[in-house]
Each structure stands twice: as C-alpha cells, then as structure tokens.
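Notes to accompany the following structure.
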Amino acid sequence: MSPLFDPGYSRPPFAALVAHYPGPEVYPPEDFRVEWGPIFHRGRLDGSAKILVIGQDPGAHESIARRILVGEAGQRVQGFLGKLGIASSYVMINAFLYSVYGQGGGERHDGDPAIARDRHAWLDALLVESDVRAVVALGRLADHAFAAWRETPSGQGVDVVYRRITHPTFPESASAAGEIAYADAMRSMLENWNEALEVLRPAIDDPDTLPDPSPYGETLDRDADLAEIPDRDMPAGTPPWMRSLDAWAARVGDDAEDKRATVEVRVPASQRPWHDTG
C-alpha cells in the first residue's frame, strides 16, 4: 500500500540532486523568486511512474506546500491524468526550480545552459532506464526544456511518446492580457487536450484505473474535470486543505516589494474544524 505522504528525497540520485541545487548564482533574483527556495517535484520517485509531466515554474501555493502543481493548474492536470487512467504512477517537475518574477523572466532564461544542466540531471534520473512511457509538457517553455534534453546523449537514447499541451492556466492568462475571450481560450485549450489524450492513451497500456474515454467539453466541470491532489504526493503532516480544490494562498502587499515578500495563507471556510460543532 502506498504511503499516505511523500517520503521525500532519500533515495539516490534524488538525495544528491536536492542537496546540491542551483541558487542565485544560476537563477538571478531579478527574474526568479529565489527567496522562497527551490521546489523540486510532485509524484513518484520510486521508479513506478509511467508518465512525466513538465511544468513551467512554481506559484504561491507551491511555495508553501513545497510540491509543484498543487493549485488550480495542478488540479486541472490531475484531472487530465485521470482521463488516461493514471491515478498515482506519475511524476512532475518544472522547467524552472523557482517561481518566475516579472514579465519575460522565463523567456530571458529559456535555454540558459546553467539552468539546463540541473534540469537535464533530473530528466536523466527520471527517464533513463525507467518505466516512463509518455512525457507531457505544459506550454512552450516546458516544451523547449524537453527538446533541449532530447538533444543530449541521454535524451537521444530514450524512446517515449511525447506531447506538448496548452498550459492549464492559458484561459486566465490569455484573457487577462486581452488576447482572447476567456470562453474561447478555454474551448481552445480543451480541444488541444482532447487531441493529446488520443495520442497518449495507446502509450499507457496498463493504467492504474479504468481510463475515462469521455472527451472534455467546451468548459471545465469543477466536479468532473478537476481532481484533488492525493495525500501521497505531499510532505508528511500537510493539512488536507492544502491539496483541496479551494484556493488558499495569494501574494499580497501594498507595493511590489511587499507583495514579493508576502504570501497570505488562509484556511478555506469549508476546512475550518472549529466551525464543526457536530
């Protein structure tokens, strides 16, 4: 039976990777929130992963939970994996260990060789002589990160099904920028995800659970298409609401300096046990 918490990074080579991670000398503080520390992964590091997901960078929720893709984007990805029948045999890493700060920070370091060296070491550990059959990249920078690794000697020797999909926060980011209406952006993303599922399903011939063959519609159904982050993905003692569908962390402040330094954590109203008088 799987543990009800993530056992951490004790097994090689991950113990060495987390002990010798790059800092501000590689990730410039003007472009990355190095003050919140690196956030390495989420999912299985024991060799049981069948699919690898590559994201971009951690957000406010991840800065507190110490695992990647635990906010709204992570819950959407969790639902995507569920349609493949993948409930536990996955692993996720980001293209960047630290949250990107400001406009264009990620693009300025797309292909940075020092960042790539550490990322390649993680990809070597997860993909060389592993059971991973498929890799999914969330967006353009994750796609570039995987493409760079495939040019390495290790990457050239690994055969996996690969698909880049639209980043799960695209509807919010694109509509906020005025590029496209939210409903149109959501529809476009889900069409892209449906196409990806058709490519990925044949690679997962022994799923954890029965796959869901139903395609996404034009919008995300909160109950059917989003999924809670499993407890086995989180550090021991993580409260359940930190992996729930409720938003519980946000950057706040009166100015850019204060906002960068502050993440407000609020226990969701539905998760406050002192209100339970039964």
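By order in the structure tokens, chains are A, B, ...; within a chain, residues start at 1; ligands start at 1, following the order shown.
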Surrounding residues of Gly157 (chain A) excluding itself and chain neighbours under 3 positions, 12 Å, only C-alpha atoms, as a list of chain:residue names: A:Asp124, A:Leu127, A:Val128, A:Glu129, A:Ser130, A:Trp149, A:Arg150, A:Glu151, A:Thr152, A:Pro153, A:Ser154, A:Val160
Saved selection, atoms kept: N, CA and C atoms, as a tab-separated table (two decimals), in the first residue's frame:
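Wrote it out as selection_24.tsv, contents follow:
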```tsv
chain	number	residue	atom	x	y	z
A	124	ASP	N	17.48	12.96	-16.67
A	124	ASP	CA	18.24	11.71	-16.74
A	124	ASP	C	17.76	10.74	-15.66
A	127	LEU	N	14.08	9.49	-16.57
A	127	LEU	CA	13.74	8.89	-17.86
A	127	LEU	C	14.70	7.81	-18.35
A	128	VAL	N	15.96	7.87	-17.95
A	128	VAL	CA	16.92	6.86	-18.43
A	128	VAL	C	16.69	5.56	-17.66
A	129	GLU	N	16.51	4.48	-18.38
A	129	GLU	CA	16.26	3.17	-17.77
A	129	GLU	C	15.09	3.22	-16.77
A	130	SER	N	13.99	3.84	-17.20
A	130	SER	CA	12.82	3.99	-16.34
A	130	SER	C	11.61	3.35	-17.00
A	149	TRP	N	16.76	18.63	-23.73
A	149	TRP	CA	17.25	17.38	-23.16
A	149	TRP	C	17.33	16.28	-24.21
A	150	ARG	N	16.41	16.24	-25.14
A	150	ARG	CA	16.41	15.19	-26.17
A	150	ARG	C	17.62	15.30	-27.09
A	151	GLU	N	18.28	16.46	-27.08
A	151	GLU	CA	19.49	16.63	-27.88
A	151	GLU	C	20.73	16.10	-27.17
A	152	THR	N	20.61	15.79	-25.88
A	152	THR	CA	21.75	15.27	-25.13
A	152	THR	C	21.95	13.80	-25.44
A	153	PRO	N	23.13	13.24	-25.15
A	153	PRO	CA	23.33	11.80	-25.38
A	153	PRO	C	22.29	10.94	-24.65
A	154	SER	N	21.96	11.31	-23.40
A	154	SER	CA	20.96	10.54	-22.66
A	154	SER	C	19.59	10.63	-23.33
A	160	VAL	N	10.13	7.69	-25.82
A	160	VAL	CA	8.86	7.91	-25.14
A	160	VAL	C	7.90	8.61	-26.09
```
Tell me, as a PyMOL selection string, which residues lie within 9 Å of Phe32 (chain A), counting only C-alpha atoms; anything in the same chain fewer than 6 positions away does not count. chain A and resi 24+96+98-102+105-106
With C-alpha atoms retained, export the selected residues as a compact mmCIF listing (two decimals), in the first residue's frame.
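So out-v3.txt came out as:
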```txt
# COMPACT_ATOMS: atom_id res chain seq x y z
CA PRO A 24 21.03 32.84 -7.11
CA PHE A 96 12.49 26.20 -13.50
CA TYR A 98 11.99 28.86 -8.75
CA SER A 99 8.97 30.99 -9.48
CA VAL A 100 9.49 33.43 -12.34
CA TYR A 101 9.35 37.08 -11.25
CA GLY A 102 8.15 39.83 -13.56
CA GLY A 105 11.74 36.34 -16.80
CA GLY A 106 11.23 32.82 -18.09
```
As an exercise, work out the distance from CA of Val136 (chain A) to CA of Gln156 (chain A) in Å and give it to one decimal place.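 Answer for the CA of Val136 (chain A) to CA of Gln156 (chain A) separation: 17.2 Å.
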When you look at region 215-232 of chain A with a cut-off of 7 Å (counting only C-alpha atoms), what residues show up, excluding the ones that are within fewer than 2 positions of it in the same chain? I need them as an mmCIF file with C-alpha atoms, in the first residue's frame.
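Dumped to out-v6.cif:
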```
data_model
loop_
_atom_site.group_PDB
_atom_site.id
_atom_site.type_symbol
_atom_site.label_atom_id
_atom_site.label_comp_id
_atom_site.auth_asym_id
_atom_site.auth_seq_id
_atom_site.Cartn_x
_atom_site.Cartn_y
_atom_site.Cartn_z
ATOM 1 C CA PRO A 3 2.270 5.723 1.976
ATOM 2 C CA LEU A 4 -0.174 8.487 2.823
ATOM 3 C CA PHE A 5 2.594 11.059 2.386
ATOM 4 C CA ASP A 6 5.560 11.677 0.127
ATOM 5 C CA VAL A 70 -0.828 21.834 -6.299
ATOM 6 C CA GLN A 75 -5.896 20.129 -10.133
ATOM 7 C CA ARG A 76 -6.617 20.512 -13.847
ATOM 8 C CA GLN A 78 -4.656 15.806 -12.141
ATOM 9 C CA GLY A 79 -7.983 15.541 -13.945
ATOM 10 C CA MET A 186 -10.937 27.603 -22.540
ATOM 11 C CA ARG A 187 -12.514 25.968 -25.574
ATOM 12 C CA LEU A 190 -9.734 21.706 -24.091
ATOM 13 C CA ASN A 194 -8.633 16.113 -26.270
ATOM 14 C CA PRO A 213 -12.842 7.922 -22.568
ATOM 15 C CA MET A 234 2.533 15.801 -0.146
ATOM 16 C CA ARG A 243 -4.408 19.826 -1.651
ATOM 17 C CA SER A 244 -8.086 20.674 -1.985
ATOM 18 C CA LEU A 245 -9.937 22.431 -4.797
#
```
Using CA of Pro207 (chain A) and CA of Arg164 (chain A) as the two end points, give the distance in Å to one decimal. 20.5 Å
Picked from region 46-149 of chain A by DSSP as helix (DSSP H, G or I), as an NGL selection string: :A and (60-65 or 72-83 or 105-108 or 113-127 or 140-149)
So what do you get for CA of Arg66 (chain A) versus CA of Glu264 (chain A), distance-wise?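 Answer for the CA of Arg66 (chain A) to CA of Glu264 (chain A) separation: 15.3 Å.
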Determine, using only C-alpha atoms, which residues of region 36-103 of chain A have any atom at most 12 Å from an atom of region 16-22 of chain A, and tabulate each with its shortest atom pair and distance in Å to one decimal place, rows ordered by chain and then rising number, as a tab-separated table.
```
residue	atom	partner	partner_atom	distance
A:Gly37	CA	A:Tyr21	CA	10.0
A:Pro38	CA	A:Tyr21	CA	7.9
A:Ile39	CA	A:Val18	CA	9.5
A:Phe40	CA	A:Val18	CA	7.7
A:His41	CA	A:Val18	CA	10.4
A:Phe96	CA	A:Pro22	CA	10.5
A:Leu97	CA	A:Pro22	CA	8.6
A:Tyr98	CA	A:Pro22	CA	10.0
```
DSSP on the backbone, strand (DSSP E or B) only: what residues of region 15-165 of chain A does that give? Format it as a PyMOL selection string. chain A and resi 32+42-43+51-55+90-94+100+134-138+161-165
Shell around Arg251 (chain A) at 12 Å using only C-alpha atoms, local window under 5 positions removed, as a PyMOL selection string: chain A and resi 59-64+256-266
With only C-alpha atoms as the counted atoms, please give the residues lying no more than 7 Å from Val132 (chain A), apart from itself and same-chain residues fewer than 2 positions off, as a PDB file with N, CA and C atoms, in the first residue's frame.
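Saved the output as selection.pdb:
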```pdb
ATOM      1  N   ALA A  49       6.656   5.538 -11.937  1.00  0.00           N
ATOM      2  CA  ALA A  49       5.961   6.499 -12.798  1.00  0.00           C
ATOM      3  C   ALA A  49       5.893   5.999 -14.233  1.00  0.00           C
ATOM      4  N   LYS A  50       4.728   6.153 -14.844  1.00  0.00           N
ATOM      5  CA  LYS A  50       4.528   5.796 -16.245  1.00  0.00           C
ATOM      6  C   LYS A  50       4.440   7.020 -17.140  1.00  0.00           C
ATOM      7  N   ILE A  51       4.240   8.172 -16.523  1.00  0.00           N
ATOM      8  CA  ILE A  51       4.127   9.406 -17.296  1.00  0.00           C
ATOM      9  C   ILE A  51       4.814  10.529 -16.538  1.00  0.00           C
ATOM     10  N   LEU A  52       5.535  11.361 -17.262  1.00  0.00           N
ATOM     11  CA  LEU A  52       6.210  12.534 -16.709  1.00  0.00           C
ATOM     12  C   LEU A  52       5.527  13.782 -17.229  1.00  0.00           C
ATOM     13  N   LEU A 127      14.083   9.488 -16.571  1.00  0.00           N
ATOM     14  CA  LEU A 127      13.739   8.893 -17.864  1.00  0.00           C
ATOM     15  C   LEU A 127      14.698   7.815 -18.351  1.00  0.00           C
ATOM     16  N   SER A 130      13.991   3.843 -17.196  1.00  0.00           N
ATOM     17  CA  SER A 130      12.819   3.989 -16.335  1.00  0.00           C
ATOM     18  C   SER A 130      11.613   3.355 -17.003  1.00  0.00           C
ATOM     19  N   ALA A 134       5.457   8.028 -21.417  1.00  0.00           N
ATOM     20  CA  ALA A 134       4.981   9.240 -22.069  1.00  0.00           C
ATOM     21  C   ALA A 134       5.422  10.463 -21.285  1.00  0.00           C
TER      22      ALA A 134
END
```
I'd like the contact shell of Ile86 (chain A) - 6 Å cut-off, only C-alpha atoms, skipping same-chain residues fewer than 3 positions apart - returned as JSON, numbers by chain. {"A": [81, 82, 207, 208]}
